[in-house]
Structure formats: structure tokens, C-alpha cells
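Enquirer: Attaching a single structure in C-alpha cells format; questions to follow.
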Amino acid sequence: MYKITHAEVLEEYRLSLTFSDGIQGMVDLSSLVGSGVFTLWNDYSEFRKVRIGDTGELLWSDQVDLCPDALYLQVTGKDPKDIFPGLKHEMAHA
């Protein structure tokens with residue numbers, strides 16, 4: 001839904017992001033470092049190699065990709081129901 005159009009690496013595993021609707025903000029990814037696929041970032045020079053993929057996601061090598069919608073929620077503090085209207089519908093009970 002939202003694409004990342006610009007990503008700037010900041011210190012301490014933080015990124016400044018700009019989204020397709022003009023929203024800008026910072027995300028702190030330091031809590032991910034060293035876990036699972038994020039061991040790639042144990043070498044900070046690898047973290048600095050972030051790039052934006054064709055669908056607006058963040059990519060590191062062929063090992064790590066982060067969803068732009070999840071990052072958008074983190075930057076804006078919005079609830080998923082705010083950006084995905086289909087989640088607002090209540091399910092019918094049988």
C-alpha cells in the first residue's frame with residue numbers, strides 16, 4: 001500500500017524514511033540486530049547497504065527484506081485498521 005521512496009542510514013541502526021504519501025519519520029531497528037537473519041547486521045557496514053526494492057520494501061543483500069507497510073505503521077503510530085480498511089469489517093458468526 002505504501003512504498004518507501006527514500007531511506008537514509010543514521011547512527012545506531014536507525015533509518016530516516018520517506019514514504020510515497022510524503023510521510024517522513026525515523027525507525028530504530030537496533031532491537032533486531034543479531035537475531036536470525038539479522039545477524040547480517042552484526043557488521044554495521046552491511047546495515048549501511050540498505051536499498052529500496054521494486055515494491056518499496058527495504059532490502060539488504062538477498063537475506064533481509066522489511067515490509068513498507070509495517071514500517072509505515074511504526075513511523076506513524078497508526079493501527080493496521082487505519083490503513084487497511086478491510087480489517088474494520090466485523091466477521092459474521094455462524
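Starting from 1 in every chain, residues are counted up; chains themselves are A, B, ... following the order of the C-alpha cells, and ligands are numbered from 1 as listed.
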Using only C-alpha atoms, determine which residues lie at most 12 Å from segment 15-26 of chain A, disregarding the query and same-chain residues fewer than 5 positions distant; provide the list as a PyMOL selection string.
Expert: chain A and resi 1-10+47-52+55-58+68-77
Enquirer: Would you mind writing down, as a count of residues only, each residue of segment 3-63 of chain A that DSSP on the backbone assigns to helix (DSSP H, G or I)?
Expert: 14
Enquirer: Name all residues at most 12 Å from Trp41 of chain A (count only C-alpha atoms; drop same-chain ones fewer than 2 positions away) and give them as number ranges by chain.
Expert: A: 12-14, 29-39, 43-50, 60-61, 63-64
Enquirer: Please, could you write that set of residues out with C-alpha atoms as a compact mmCIF listing (two decimals), in the first residue's frame?
Expert:
```
# COMPACT_ATOMS: atom_id res chain seq x y z
CA GLU A 12 22.93 3.11 15.84
CA TYR A 13 20.83 1.07 13.38
CA ARG A 14 18.30 3.82 12.75
CA LEU A 29 15.98 -1.35 14.07
CA SER A 30 18.63 -1.95 16.73
CA SER A 31 16.46 -4.48 18.59
CA LEU A 32 16.64 -6.81 15.56
CA VAL A 33 20.44 -6.93 15.31
CA GLY A 34 21.94 -10.35 15.95
CA SER A 35 18.72 -12.38 15.78
CA GLY A 36 18.12 -14.87 12.96
CA VAL A 37 18.67 -13.32 9.53
CA PHE A 38 19.57 -10.05 11.23
CA THR A 39 22.98 -11.45 12.22
CA ASP A 43 28.72 -5.99 10.68
CA TYR A 44 27.41 -2.41 10.62
CA SER A 45 28.81 -1.90 7.12
CA GLU A 46 26.23 -4.46 5.92
CA PHE A 47 23.41 -2.50 7.54
CA ARG A 48 24.56 0.61 5.68
CA LYS A 49 23.99 -1.23 2.35
CA VAL A 50 20.19 -0.87 2.57
CA TRP A 60 19.77 -5.94 2.41
CA SER A 61 21.54 -8.33 0.08
CA GLN A 63 18.92 -12.10 3.04
CA VAL A 64 16.74 -9.42 4.63
```
Enquirer: Using DSSP on the backbone coordinates, identify all residues within chain A classified as strand (DSSP E); present the result as a PyMOL selection string.
Expert: chain A and resi 4-9+14-19+24-28+51-52+58-60+64-66
Enquirer: Those selected residues, please, written with C-alpha atoms and delivered as a PDB file, in the first residue's frame.
Expert:
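Wrote it out as result-v8.pdb, contents follow:
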```
ATOM      1  CA  ILE A   4       9.332   3.770   0.742  1.00  0.00           C
ATOM      2  CA  THR A   5      10.758   6.340  -1.656  1.00  0.00           C
ATOM      3  CA  HIS A   6      13.858   7.366   0.302  1.00  0.00           C
ATOM      4  CA  ALA A   7      15.925   5.750   3.053  1.00  0.00           C
ATOM      5  CA  GLU A   8      18.858   7.343   4.833  1.00  0.00           C
ATOM      6  CA  VAL A   9      21.064   5.415   7.246  1.00  0.00           C
ATOM      7  CA  ARG A  14      18.301   3.819  12.747  1.00  0.00           C
ATOM      8  CA  LEU A  15      16.872   4.868   9.384  1.00  0.00           C
ATOM      9  CA  SER A  16      15.179   8.040   8.223  1.00  0.00           C
ATOM     10  CA  LEU A  17      12.394   7.034   5.822  1.00  0.00           C
ATOM     11  CA  THR A  18      10.162   8.874   3.365  1.00  0.00           C
ATOM     12  CA  PHE A  19       7.003   7.205   2.074  1.00  0.00           C
ATOM     13  CA  GLN A  24       8.678  11.050   6.900  1.00  0.00           C
ATOM     14  CA  GLY A  25       9.997   9.526  10.077  1.00  0.00           C
ATOM     15  CA  MET A  26      12.667   7.507  11.807  1.00  0.00           C
ATOM     16  CA  VAL A  27      12.732   3.816  12.680  1.00  0.00           C
ATOM     17  CA  ASP A  28      15.060   2.179  15.154  1.00  0.00           C
ATOM     18  CA  ARG A  51      18.371  -0.327  -0.701  1.00  0.00           C
ATOM     19  CA  ILE A  52      14.770   0.110  -1.766  1.00  0.00           C
ATOM     20  CA  LEU A  58      13.815  -2.246   2.284  1.00  0.00           C
ATOM     21  CA  LEU A  59      16.393  -4.803   1.182  1.00  0.00           C
ATOM     22  CA  TRP A  60      19.769  -5.938   2.413  1.00  0.00           C
ATOM     23  CA  VAL A  64      16.736  -9.418   4.634  1.00  0.00           C
ATOM     24  CA  ASP A  65      13.653  -7.530   3.464  1.00  0.00           C
ATOM     25  CA  LEU A  66      11.300  -5.393   5.519  1.00  0.00           C
TER      26      LEU A  66
END
```
